[in-house]
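> I am attaching a structure below and will ask some questions about it afterwards.
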Amino acid sequence: MATRTLAQAINHALGLALSERDDVVLLGEDIGAAGGVFRLTDGLLERFGRGRVIDTPVAESGIVGVGYGMALAGLRPVLEIQFMGFSYPAFDQVISHVSRIRNRSRHRFTAPLVIRMPYGGGIGAAEHHSESTEALYAHVPGLKVVVPSRPADAAGLLRSAIEDPDPVVFLEPIRLYRAVREELPDRPEPVPLGSAAIERPGTDLTLLAWGAMMTETRAAAEELASTGVHAEVLDVRSLVPLDVATIAASVAKTGRAVVVHEAPRTGGFGAEIVAQIQERCLYSLEAPVARVTGWDTVFPLKRSERHYLPSTERIVAAARRVLAG
Amino acid sequence: MATRTLAQAINHALGLALSERDDVVLLGEDIGAAGGVFRLTDGLLERFGRGRVIDTPVAESGIVGVGYGMALAGLRPVLEIQFMGFSYPAFDQVISHVSRIRNRSRHRFTAPLVIRMPYGGGIGAAEHHSESTEALYAHVPGLKVVVPSRPADAAGLLRSAIEDPDPVVFLEPIRLYRAVREELPDRPEPVPLGSAAIERPGTDLTLLAWGAMMTETRAAAEELASTGVHAEVLDVRSLVPLDVATIAASVAKTGRAVVVHEAPRTGGFGAEIVAQIQERCLYSLEAPVARVTGWDTVFPLKRSERHYLPSTERIVAAARRVLAG
Amino acid sequence: MLRILAPDGELVAEPPATVDTRALYRAMTVARVFDRRGSALQRQGRLATYAPFEGQEAAQIGSVAALRPDDWLVATYRDAAAMWSQGYPMELLIAGRTGHEGGGAPPESVNVLPPSITVGAHMLHAVGLAWAERYRRSDRVALTMFGDGATSEGDFHEAMNFAGVYRVGCVFLCQNNGWAISLPTERQTAAATLADKAIGYGMPGVRVDGNDVLAVYEATEAAVLRARGGDGPTLIEAVTYRVGPHTTADDPGRYRAEEQTEAWRQRDPIDRLRRYLAGRGEWSRPWQDELEREAAGLVDAAVTAAEALPAFTAGEIFDATFAELPPLLAEQRGWATGAADPAGPA
Amino acid sequence: MLRILAPDGELVAEPPATVDTRALYRAMTVARVFDRRGSALQRQGRLATYAPFEGQEAAQIGSVAALRPDDWLVATYRDAAAMWSQGYPMELLIAGRTGHEGGGAPPESVNVLPPSITVGAHMLHAVGLAWAERYRRSDRVALTMFGDGATSEGDFHEAMNFAGVYRVGCVFLCQNNGWAISLPTERQTAAATLADKAIGYGMPGVRVDGNDVLAVYEATEAAVLRARGGDGPTLIEAVTYRVGPHTTADDPGRYRAEEQTEAWRQRDPIDRLRRYLAGRGEWSRPWQDELEREAAGLVDAAVTAAEALPAFTAGEIFDATFAELPPLLAEQRGWATGAADPAGPA
Ligand SMILES: Cc1ncc(C[n+]2csc(CCOP(=O)(O)OP(=O)(O)O)c2C)c(N)n1
Ligand SMILES: Cc1ncc(C[n+]2csc(CCOP(=O)(O)OP(=O)(O)O)c2C)c(N)n1
Ligand SMILES: [Mg+2]
Ligand SMILES: [Mg+2]
């Protein structure tokens, strides 16, 4: 047992995978001696050597395309894209190849790889460094997409992702890398892909979020609680597969819901969750499901970032509207 | 006046733009002597020469990146991506640059360009040739996305797209290229971006679709009419900007809606439309808005394609369920 | 440009010792019969699409002949001859082209990926495959085939660069067939030759007469030996010509002069090898007839088997999306098969 | 490798006739002051991020000196010296780094794009700009700057290829500063030099001592003349070194030996030019003091102006998404500014 931040939990899970499975290799920019720009791979080069912790040239399509080729031959590559905003040069490899080969070859070839990407805003970063485009990946058939919000889930989901027979996009909330610590066993329990977590049971409305936005969402639930409103808080965790059963059961019970994400509103994954809820629970809904999201603008730079990210206040305000509806 | 197919209408509008504006240039693979794989640029090389109808190497990122550079210098490039499934190598250029430069430079630099892409299934094409990933583009702030379903709209929307000061993704339904003809004036009226068309007024429910799926949707409305159900049919036409006012007004009136698209269901643009409807019209809704969509699978090859595409029957069945709800 | 057989079938250099020339001739003959049948079937509406490779048989058969049966081949929509020659069942090559996903599933023993339809991306996959083999201390190599057009894509660059940096055992075999659909090679690049592109990646670049099967074999064999020995990748430019249309939907009359094509027809790779064999008394009309009969039989059987493959049921289109169907997909499958209300949970 | 000034400031070749060496020295001095201030401001939390270019002043100032004021410059996060030198207001360079979008809006007269943060993509933009100028019969050229790391991206390849094929008036200036963050150049490519990469695109590739401002100027001037004359693109590899960290968040101690950096510090480009000027009696301590005072004044004023830029209001973050706000965005703007219920139409 040790207390670990989310970043340390990932580092630990990577080390564990490398030591437990010979077929795991890591590829990415600056993941070796530098230990990754966020130090997520710190110490792994020293422990596992250059043959398994592979610094690549600055070429994201290359990282994913080559990692995919390795996976076809049966390895389990874990690829790091330095920031989600730099994943797009590899988008074709992901959507046209990684996600399709199982279908193209009717299970003959498969791509059991993981693509890790730090994502999200809130650290006043430069352009392209605050992206949250999970909806793009979630729309791609054949791809799984998960987003932990706490250290134990980070380690547990990463373990499951590496063991998964299919490709997984693993999104890491930058803002939470060092935000909290959790006790973690040395061999953290795998967390199954496709299960949402009911973090806080409640009866009055359901708050749904994932990744970094869990912080504001939890705080909103606290604030609502202080005024006697019992919000049920769901950490969606896995966008694909989506745990619709848990989501629908919660909203059927509460009759009200707010979905939170930092990605732009239009076509964000919140829309899918709203659609699922209204398909399954319309007759239980007491008010429209509200979306509290980033705006349909480019993510702003440091000096105006605060105008963009959903705040606890915005979530609380939306909740109150939904409760009044 | 002349009768034109959708393909001819686009060809005509391209010719018109080239002759009316010196700053219009076309770039794409095989658009010159070959006239485009669908002959959409037929005859334009002969009329306007190699300086303006530019055959490029097979390099989509190059086409978009270079076209974008031209647009920055004030030209109006109209770029052809041979099939939507080959647009992904250019995705980074689109999402990181084309769509952002106005914001990045606070209007100092702009990218008034059009990216034309044939999209959609139904012609038994090879892998990657039946994509319908409009939701990916619609999620990108700073980008407009339009999809005509008839010759007049194709010409009219393309004229508006070329005149637009911002970048426009212009999706062309392959299946409709030669499906119908319409009378078109020699200078077709521009159709404003951002307006849905009420194709068929009705009172009992609203059917919403765009592009190739309008065919099945219209047929479904006919079939419903034959049983006394008056469906209002909306051709959404423009995903961004979205004409929410028209959509909400229709559903507020009918209280029931079915959204149809051929893209995969999860995270498809239908989810956004459902979310918008329930946000604005929940209390008018008599039943959940239904989505009739492609499945969350890779688009199948010819011999199983028919299992994938939404059919008139599926739309009618969904409508009946919504009417019964 | 490396050449062993002149167009008239005369030897201009020492032929490789390690190759069975008659076997090459047989394979090229079968490939030609397959190819002609492919175009015919497409015209009859029995194939969804077909990309003829006539004129490129030497480049495909000659290069693959230098592989071991367990080496990897990562090729394109136009490389059916190469894929078949590396063990990909002919019926699956046809099945794919009829529009059946089953065509993408070669037997476990065949290390050939389904054909790449996107231009450019697949070269990276070959680099990854070759790298994984070395990681496992296997000496299998990967050969990837692509066209002149593919050298314009960014992924070509990244693949060549990775291969160079990590000295991966990957052979890059470019069939420069003169055209990327309607764009001739000289309008695709300002480089003097495609082989020159190797310099920027610190690997050898070899230019070979792509219609000379012996030269292609020799160049590939050298590259494969280098790769197998751990000495890294090689780029081979096989200079050839696409005698037919790009695909059966293409009309080359729009962009190229028939005389050019006719001139290349005169340099047909099969004719060339036939002249050589005939000159050595290793070819005869009866043998030719026998080969053609054999080829027709093989192709007939493959077509029959491919067309007999039952089309997928509605449920089957879901079943290879993931190893296991997640709940939402299972639900959709229910709607699609009629097991649940087809309108979904409306 | 082209060199005019040896590290000790001695001439080893004829210096270019067309350049004002003292002006170069002044610009490099201002750039150095700017750069040191940038790092200091970042440590004080006044800049969001900063990518120091110390050691690369000759490569940036020398190349841009060969441009006409109306030529295009398309450069990166590390090229503030070049951008300033081509007319981009210093206060905007700082404003961007404080995290203010206003930094991306140079005056209409300045043909310099905001710095590219993504690695690789921007070279294509320069090709398009240069092409558009030729289309309009202007003889403006475009110069694009990028690092060694950027040559690994697919977009580098596509940009070089397009430029070669269409003979576009674009100069590709690669600052090979030895590192792409933690990856040294020799582990990025197996090519002998980055300049060699030009061969694959049929354009000249020139290798120049990037710490020799006169050599950089001369190489760029020749390339610019070629480009302006319609003779097409050139790749220049300026061999230099990033003396500082990648950005202020980076710790080079993790991946490189201090001795290497120290050795390059000895080859400082400003020292080199100073020795040359001093040798010719064109440098004096008082002049140096005056320059440094001037530089400090310029930088002070720029910092003050940048920090005085009012941060965007909530509404302003919406206003440059499109030329006009579409309805849904106007609605969101209303929520964000409090003009409408912030929860949206819940
Ligand atoms: C990424 C991508 N862009 C465009 C296409 C459409 N396309 C199919 S083949 C082809 C030309 C390829 O030429 P080449 O690489 O020389 O191969 P060849 O067809 O001559 O064998 C093009 C543009 C594609 N399949 N993939
Ligand atoms: C597409 C993309 N991938 C990764 C990054 C992260 N990144 C920023 S700078 C850099 C290294 C670039 O090295 P080089 O091109 O040599 O330029 P230098 O920083 O040395 O000036 C990387 C990997 C990025 N900005 N864009
Ligand atoms: Mg070709
Ligand atoms: Mg560098």
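Residues in the structure tokens are named by chain (A, B, ... in the order shown) and by number from 1 within that chain; ligands are numbered from 1 in the order shown.
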At a cut-off of 10 Å around ligand 4, and using only C-alpha atoms and all ligand atoms, what residues come up? Please write them as an mmCIF file with N, CA, C and O atoms, in the first residue's frame.

data_model
loop_
_atom_site.group_PDB
_atom_site.id
_atom_site.type_symbol
_atom_site.label_atom_id
_atom_site.label_comp_id
_atom_site.auth_asym_id
_atom_site.auth_seq_id
_atom_site.Cartn_x
_atom_site.Cartn_y
_atom_site.Cartn_z
ATOM 1 N N ARG D 78 9.383 29.092 -30.769
ATOM 2 C CA ARG D 78 10.744 29.423 -30.348
ATOM 3 C C ARG D 78 11.354 30.555 -31.174
ATOM 4 O O ARG D 78 12.518 30.903 -30.997
ATOM 5 N N PHE D 146 11.473 26.060 -38.656
ATOM 6 C CA PHE D 146 11.036 24.900 -37.881
ATOM 7 C C PHE D 146 12.275 24.234 -37.301
ATOM 8 O O PHE D 146 13.400 24.524 -37.718
ATOM 9 N N GLY D 147 12.048 23.326 -36.381
ATOM 10 C CA GLY D 147 13.163 22.676 -35.723
ATOM 11 C C GLY D 147 13.531 21.352 -36.364
ATOM 12 O O GLY D 147 12.845 20.861 -37.259
ATOM 13 N N ASP D 148 14.618 20.771 -35.884
ATOM 14 C CA ASP D 148 15.004 19.428 -36.301
ATOM 15 C C ASP D 148 13.855 18.460 -36.052
ATOM 16 O O ASP D 148 13.532 17.610 -36.879
ATOM 17 N N GLY D 149 13.203 18.599 -34.905
ATOM 18 C CA GLY D 149 12.111 17.697 -34.549
ATOM 19 C C GLY D 149 10.995 17.699 -35.578
ATOM 20 O O GLY D 149 10.415 16.658 -35.877
ATOM 21 N N ALA D 150 10.716 18.863 -36.117
ATOM 22 C CA ALA D 150 9.609 18.991 -37.060
ATOM 23 C C ALA D 150 9.844 18.213 -38.350
ATOM 24 O O ALA D 150 8.883 17.860 -39.046
ATOM 25 N N THR D 151 11.091 17.911 -38.652
ATOM 26 C CA THR D 151 11.347 17.172 -39.893
ATOM 27 C C THR D 151 10.856 15.725 -39.801
ATOM 28 O O THR D 151 10.822 15.025 -40.808
ATOM 29 N N CYS D 174 15.448 25.235 -41.434
ATOM 30 C CA CYS D 174 15.424 24.336 -40.284
ATOM 31 C C CYS D 174 16.501 24.751 -39.301
ATOM 32 O O CYS D 174 17.677 24.782 -39.636
ATOM 33 N N GLN D 175 16.085 25.093 -38.106
ATOM 34 C CA GLN D 175 17.063 25.316 -37.033
ATOM 35 C C GLN D 175 17.305 23.985 -36.346
ATOM 36 O O GLN D 175 16.523 23.581 -35.493
ATOM 37 N N ASN D 176 18.369 23.350 -36.759
ATOM 38 C CA ASN D 176 18.744 22.105 -36.097
ATOM 39 C C ASN D 176 19.471 22.492 -34.816
ATOM 40 O O ASN D 176 20.677 22.715 -34.817
ATOM 41 N N ASN D 177 18.703 22.564 -33.743
ATOM 42 C CA ASN D 177 19.301 22.992 -32.462
ATOM 43 C C ASN D 177 19.665 21.787 -31.596
ATOM 44 O O ASN D 177 19.793 21.883 -30.386
ATOM 45 N N GLY D 178 19.800 20.637 -32.253
ATOM 46 C CA GLY D 178 20.333 19.467 -31.562
ATOM 47 C C GLY D 178 19.316 18.639 -30.812
ATOM 48 O O GLY D 178 19.562 17.468 -30.539
ATOM 49 N N TRP D 179 18.162 19.213 -30.518
ATOM 50 C CA TRP D 179 17.207 18.533 -29.665
ATOM 51 C C TRP D 179 15.772 18.798 -30.057
ATOM 52 O O TRP D 179 15.406 19.921 -30.380
ATOM 53 N N ALA D 180 14.965 17.765 -29.994
ATOM 54 C CA ALA D 180 13.516 17.892 -29.984
ATOM 55 C C ALA D 180 13.142 17.507 -28.549
ATOM 56 O O ALA D 180 13.082 16.319 -28.216
ATOM 57 N N ILE D 181 12.961 18.503 -27.736
ATOM 58 C CA ILE D 181 12.874 18.297 -26.289
ATOM 59 C C ILE D 181 14.040 17.392 -25.865
ATOM 60 O O ILE D 181 15.187 17.868 -25.888
ATOM 61 N N SER D 182 13.779 16.127 -25.555
ATOM 62 C CA SER D 182 14.854 15.284 -25.021
ATOM 63 C C SER D 182 15.503 14.375 -26.052
ATOM 64 O O SER D 182 16.377 13.590 -25.718
ATOM 65 N N LEU D 183 15.029 14.445 -27.288
ATOM 66 C CA LEU D 183 15.564 13.531 -28.294
ATOM 67 C C LEU D 183 16.605 14.247 -29.163
ATOM 68 O O LEU D 183 16.285 15.207 -29.857
ATOM 69 N N PRO D 184 17.846 13.769 -29.129
ATOM 70 C CA PRO D 184 18.877 14.429 -29.936
ATOM 71 C C PRO D 184 18.655 14.168 -31.430
ATOM 72 O O PRO D 184 18.058 13.168 -31.810
ATOM 73 N N THR D 185 19.132 15.071 -32.247
ATOM 74 C CA THR D 185 18.899 14.973 -33.686
ATOM 75 C C THR D 185 19.298 13.610 -34.244
ATOM 76 O O THR D 185 18.591 13.045 -35.076
ATOM 77 N N THR D 240 22.750 24.566 -35.102
ATOM 78 C CA THR D 240 22.906 25.418 -33.929
ATOM 79 C C THR D 240 22.620 24.588 -32.682
ATOM 80 O O THR D 240 22.725 23.350 -32.737
ATOM 81 N N TYR D 241 22.286 25.235 -31.611
ATOM 82 C CA TYR D 241 22.094 24.498 -30.364
ATOM 83 C C TYR D 241 21.177 25.289 -29.448
ATOM 84 O O TYR D 241 21.269 26.500 -29.354
ATOM 85 N N ARG D 242 20.297 24.545 -28.802
ATOM 86 C CA ARG D 242 19.413 25.154 -27.813
ATOM 87 C C ARG D 242 20.138 25.122 -26.477
ATOM 88 O O ARG D 242 20.214 24.079 -25.828
ATOM 89 N N HIS D 246 14.076 23.292 -23.000
ATOM 90 C CA HIS D 246 13.078 23.317 -24.073
ATOM 91 C C HIS D 246 12.061 24.426 -23.825
ATOM 92 O O HIS D 246 11.775 25.245 -24.686
#
> Specify as an mmCIF file with N, CA, C and O atoms, in the first residue's frame all residues of chain A found within 6 Å of chain B, counting only C-alpha atoms.

data_model
loop_
_atom_site.group_PDB
_atom_site.id
_atom_site.type_symbol
_atom_site.label_atom_id
_atom_site.label_comp_id
_atom_site.auth_asym_id
_atom_site.auth_seq_id
_atom_site.Cartn_x
_atom_site.Cartn_y
_atom_site.Cartn_z
ATOM 1 N N TYR A 88 -4.303 14.588 -33.257
ATOM 2 C CA TYR A 88 -4.998 14.628 -34.546
ATOM 3 C C TYR A 88 -4.142 14.185 -35.742
ATOM 4 O O TYR A 88 -4.684 13.609 -36.681
ATOM 5 N N PRO A 89 -2.847 14.437 -35.741
ATOM 6 C CA PRO A 89 -2.081 13.883 -36.868
ATOM 7 C C PRO A 89 -2.186 12.353 -36.937
ATOM 8 O O PRO A 89 -1.951 11.771 -37.987
ATOM 9 N N ASP A 92 -6.135 9.578 -38.453
ATOM 10 C CA ASP A 92 -6.405 8.616 -39.528
ATOM 11 C C ASP A 92 -5.992 7.208 -39.126
ATOM 12 O O ASP A 92 -6.721 6.244 -39.368
ATOM 13 N N LEU A 136 -14.937 12.967 -30.211
ATOM 14 C CA LEU A 136 -14.446 12.509 -31.515
ATOM 15 C C LEU A 136 -14.113 11.021 -31.449
ATOM 16 O O LEU A 136 -14.446 10.247 -32.351
ATOM 17 N N HIS A 139 -17.068 8.502 -30.986
ATOM 18 C CA HIS A 139 -17.921 8.286 -32.169
ATOM 19 C C HIS A 139 -17.328 7.232 -33.117
ATOM 20 O O HIS A 139 -17.947 6.883 -34.113
ATOM 21 N N PRO A 141 -16.543 3.646 -34.133
ATOM 22 C CA PRO A 141 -16.839 2.250 -33.799
ATOM 23 C C PRO A 141 -15.559 1.429 -33.658
ATOM 24 O O PRO A 141 -14.623 1.595 -34.449
ATOM 25 N N THR A 266 -21.691 21.704 -28.591
ATOM 26 C CA THR A 266 -22.276 21.103 -29.785
ATOM 27 C C THR A 266 -21.564 19.801 -30.137
ATOM 28 O O THR A 266 -20.361 19.796 -30.405
ATOM 29 N N GLY A 267 -22.328 18.731 -30.121
ATOM 30 C CA GLY A 267 -21.732 17.450 -30.471
ATOM 31 C C GLY A 267 -20.818 16.892 -29.407
ATOM 32 O O GLY A 267 -20.096 15.922 -29.656
ATOM 33 N N ALA A 271 -24.264 15.297 -25.282
ATOM 34 C CA ALA A 271 -25.445 15.153 -26.144
ATOM 35 C C ALA A 271 -25.867 13.689 -26.220
ATOM 36 O O ALA A 271 -27.060 13.365 -26.173
ATOM 37 N N GLU A 272 -24.889 12.811 -26.335
ATOM 38 C CA GLU A 272 -25.212 11.384 -26.394
ATOM 39 C C GLU A 272 -25.862 10.940 -25.083
ATOM 40 O O GLU A 272 -26.848 10.185 -25.084
ATOM 41 N N VAL A 274 -27.519 12.773 -22.980
ATOM 42 C CA VAL A 274 -28.873 13.326 -22.953
ATOM 43 C C VAL A 274 -29.794 12.488 -23.837
ATOM 44 O O VAL A 274 -30.921 12.139 -23.442
ATOM 45 N N ALA A 275 -29.321 12.154 -25.003
ATOM 46 C CA ALA A 275 -30.160 11.374 -25.924
ATOM 47 C C ALA A 275 -30.513 10.021 -25.309
ATOM 48 O O ALA A 275 -31.667 9.577 -25.355
ATOM 49 N N GLN A 278 -33.104 10.566 -22.497
ATOM 50 C CA GLN A 278 -34.481 10.849 -22.911
ATOM 51 C C GLN A 278 -35.089 9.645 -23.644
ATOM 52 O O GLN A 278 -36.287 9.412 -23.574
ATOM 53 N N GLU A 279 -34.246 8.831 -24.287
ATOM 54 C CA GLU A 279 -34.792 7.631 -24.927
ATOM 55 C C GLU A 279 -35.317 6.632 -23.884
ATOM 56 O O GLU A 279 -36.290 5.927 -24.108
ATOM 57 N N LEU A 282 -37.693 9.215 -20.579
ATOM 58 C CA LEU A 282 -38.455 10.438 -20.828
ATOM 59 C C LEU A 282 -39.625 10.592 -19.876
ATOM 60 O O LEU A 282 -39.867 11.665 -19.334
ATOM 61 N N PRO A 288 -36.095 19.113 -18.302
ATOM 62 C CA PRO A 288 -35.085 18.765 -19.299
ATOM 63 C C PRO A 288 -33.751 18.463 -18.620
ATOM 64 O O PRO A 288 -33.418 19.076 -17.598
ATOM 65 N N ASP A 296 -18.795 26.605 -27.473
ATOM 66 C CA ASP A 296 -18.414 26.257 -28.853
ATOM 67 C C ASP A 296 -17.383 27.250 -29.390
ATOM 68 O O ASP A 296 -17.571 27.878 -30.442
ATOM 69 N N THR A 297 -16.320 27.384 -28.626
ATOM 70 C CA THR A 297 -15.234 28.286 -29.036
ATOM 71 C C THR A 297 -13.938 27.516 -28.893
ATOM 72 O O THR A 297 -13.896 26.442 -28.303
#
> For chain C, which residue among A:Leu113, A:Ala125, A:Val66, A:Ile81 is the nearest when counting only C-alpha atoms?
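The closest residue to chain C is A:Val66.
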> With only C-alpha atoms considered, list every residue of chain D at most 10 Å from chain C, as JSON, numbers by chain.
{"D": [151, 152, 153, 154, 155, 156, 157, 158, 159, 160, 161, 162, 163, 164, 165, 166, 167, 186, 187, 188, 189, 190, 191, 192, 193, 194, 195, 196, 197, 198, 199, 200, 201, 202, 203]}
> If we count only C-alpha atoms, what is near region 202-212 of chain B at a cut-off of 6 Å, once residues fewer than 6 positions away on the same chain are taken out, given as number ranges by chain?
B: 147-149, 173, 230-237, 254, 256-260
> How many Å lie between CA of Glu262 (chain D) and CA of Gly210 (chain D), rounded to one decimal?
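Separating CA of Glu262 (chain D) from CA of Gly210 (chain D) is a distance of 16.8 Å.
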> Provide the CA of Pro52 (chain D) to CA of Asp35 (chain D) distance in Å, to one decimal place.
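Between CA of Pro52 (chain D) and CA of Asp35 (chain D) the gap is 5.9 Å.
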> Which residues are close to Leu329 (chain D), i.e. within 10 Å by only C-alpha atoms, leaving aside same-chain residues fewer than 2 positions away? Reply as a PyMOL selection string.
(chain A and resi 265-266+295-297) or (chain B and resi 141+241) or (chain D and resi 318-319+321-322+324-327+331-335)
> Please, could you write that set of residues out with N, CA and C atoms as an mmCIF file, in the first residue's frame?

data_model
loop_
_atom_site.group_PDB
_atom_site.id
_atom_site.type_symbol
_atom_site.label_atom_id
_atom_site.label_comp_id
_atom_site.auth_asym_id
_atom_site.auth_seq_id
_atom_site.Cartn_x
_atom_site.Cartn_y
_atom_site.Cartn_z
ATOM 1 N N ARG A 265 -19.898 22.340 -26.387
ATOM 2 C CA ARG A 265 -21.240 21.821 -26.206
ATOM 3 C C ARG A 265 -21.743 21.049 -27.434
ATOM 4 N N THR A 266 -21.691 21.704 -28.591
ATOM 5 C CA THR A 266 -22.276 21.103 -29.785
ATOM 6 C C THR A 266 -21.564 19.801 -30.137
ATOM 7 N N TRP A 295 -17.778 26.032 -24.023
ATOM 8 C CA TRP A 295 -18.506 26.709 -25.102
ATOM 9 C C TRP A 295 -18.032 26.236 -26.472
ATOM 10 N N ASP A 296 -18.795 26.605 -27.473
ATOM 11 C CA ASP A 296 -18.414 26.257 -28.853
ATOM 12 C C ASP A 296 -17.383 27.250 -29.390
ATOM 13 N N THR A 297 -16.320 27.384 -28.626
ATOM 14 C CA THR A 297 -15.234 28.286 -29.036
ATOM 15 C C THR A 297 -13.938 27.516 -28.893
ATOM 16 N N PRO B 141 -15.225 23.796 -33.089
ATOM 17 C CA PRO B 141 -15.588 25.215 -33.090
ATOM 18 C C PRO B 141 -14.875 25.961 -34.230
ATOM 19 N N PRO B 241 -23.905 26.463 -38.933
ATOM 20 C CA PRO B 241 -24.815 26.755 -37.834
ATOM 21 C C PRO B 241 -26.082 25.924 -37.948
ATOM 22 N N PHE D 318 -15.934 34.596 -27.314
ATOM 23 C CA PHE D 318 -16.799 34.083 -28.389
ATOM 24 C C PHE D 318 -16.595 34.801 -29.715
ATOM 25 N N ASP D 319 -16.049 36.016 -29.637
ATOM 26 C CA ASP D 319 -16.255 36.946 -30.735
ATOM 27 C C ASP D 319 -15.365 36.758 -31.959
ATOM 28 N N THR D 321 -14.764 33.553 -33.182
ATOM 29 C CA THR D 321 -14.946 32.176 -33.636
ATOM 30 C C THR D 321 -15.346 32.175 -35.115
ATOM 31 N N PHE D 322 -16.268 33.064 -35.427
ATOM 32 C CA PHE D 322 -16.676 33.275 -36.822
ATOM 33 C C PHE D 322 -16.711 34.785 -37.078
ATOM 34 N N GLU D 324 -19.325 36.328 -37.934
ATOM 35 C CA GLU D 324 -20.533 36.720 -37.203
ATOM 36 C C GLU D 324 -20.959 35.584 -36.297
ATOM 37 N N LEU D 325 -21.509 35.919 -35.149
ATOM 38 C CA LEU D 325 -21.941 34.887 -34.205
ATOM 39 C C LEU D 325 -23.181 34.173 -34.717
ATOM 40 N N PRO D 326 -23.136 32.883 -34.921
ATOM 41 C CA PRO D 326 -24.372 32.151 -35.249
ATOM 42 C C PRO D 326 -25.271 32.073 -33.998
ATOM 43 N N PRO D 327 -26.546 31.775 -34.193
ATOM 44 C CA PRO D 327 -27.495 31.845 -33.075
ATOM 45 C C PRO D 327 -27.099 31.039 -31.837
ATOM 46 N N GLU D 331 -26.324 32.584 -28.207
ATOM 47 C CA GLU D 331 -27.040 32.144 -27.013
ATOM 48 C C GLU D 331 -26.051 31.791 -25.892
ATOM 49 N N GLN D 332 -25.040 31.022 -26.254
ATOM 50 C CA GLN D 332 -24.030 30.643 -25.253
ATOM 51 C C GLN D 332 -23.339 31.884 -24.694
ATOM 52 N N ARG D 333 -23.066 32.823 -25.569
ATOM 53 C CA ARG D 333 -22.428 34.069 -25.132
ATOM 54 C C ARG D 333 -23.305 34.756 -24.087
ATOM 55 N N GLY D 334 -24.590 34.712 -24.328
ATOM 56 C CA GLY D 334 -25.523 35.294 -23.368
ATOM 57 C C GLY D 334 -25.421 34.610 -22.004
ATOM 58 N N TRP D 335 -25.339 33.295 -22.039
ATOM 59 C CA TRP D 335 -25.195 32.572 -20.765
ATOM 60 C C TRP D 335 -23.886 32.932 -20.087
#
> At a cut-off of 7 Å, using only C-alpha atoms, what residues contact region 19-28 of chain B? Leave out same-chain residues fewer than 2 positions from it and give the result as a list in words.
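The filter keeps Gly15, Leu16, Ala17, Asp30, Ile31, Arg52, Val53, Ile54, Asp55, Thr56, Ile63, Leu75, Arg76, Pro77, Val78, Leu79, Glu80 and Ile81 of chain B.
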> Would you list which chain B residues are within 6 Å of chain C using only C-alpha atoms, as a list in words?
Asp30, Ala33, Ala34, Pro57, Val58, Ala59, Pro288, Ala290, Leu301, Lys302, Arg303, Ser304, His307, Arg314, Ala317 and Ala318 of chain B
> Go ahead and write the residues just picked, C-alpha atoms, as a compact mmCIF listing (two decimals), in the first residue's frame.

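Written out: part.txt:
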# COMPACT_ATOMS: atom_id res chain seq x y z
CA ASP B 30 -7.59 13.93 -59.96
CA ALA B 33 -7.90 16.02 -66.67
CA ALA B 34 -9.78 13.21 -64.98
CA PRO B 57 -0.27 14.63 -55.20
CA VAL B 58 -2.02 12.10 -52.97
CA ALA B 59 -1.61 14.07 -49.74
CA PRO B 288 -39.09 10.33 -26.65
CA ALA B 290 -36.34 8.58 -31.73
CA LEU B 301 -19.04 -3.87 -47.51
CA LYS B 302 -21.40 -4.31 -50.42
CA ARG B 303 -22.84 -7.68 -49.57
CA SER B 304 -24.07 -6.61 -46.14
CA HIS B 307 -28.20 -4.26 -43.01
CA ARG B 314 -37.08 1.59 -40.01
CA ALA B 317 -41.54 1.94 -37.62
CA ALA B 318 -39.82 4.50 -35.42
> Could you go through region 27-160 of chain B and tell me which residues DSSP, when run on the backbone, assigns to alpha helix (DSSP H), listing them as a ChimeraX atom specification?
/B:44-48,60-72,91-92,101-104,134-138,151-160
> Just the number, please: distance in Å from CA of Asp79 (chain D) to CA of Met28 (chain D), one decimal.
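Computing it gives 12.4 Å between the two atoms.
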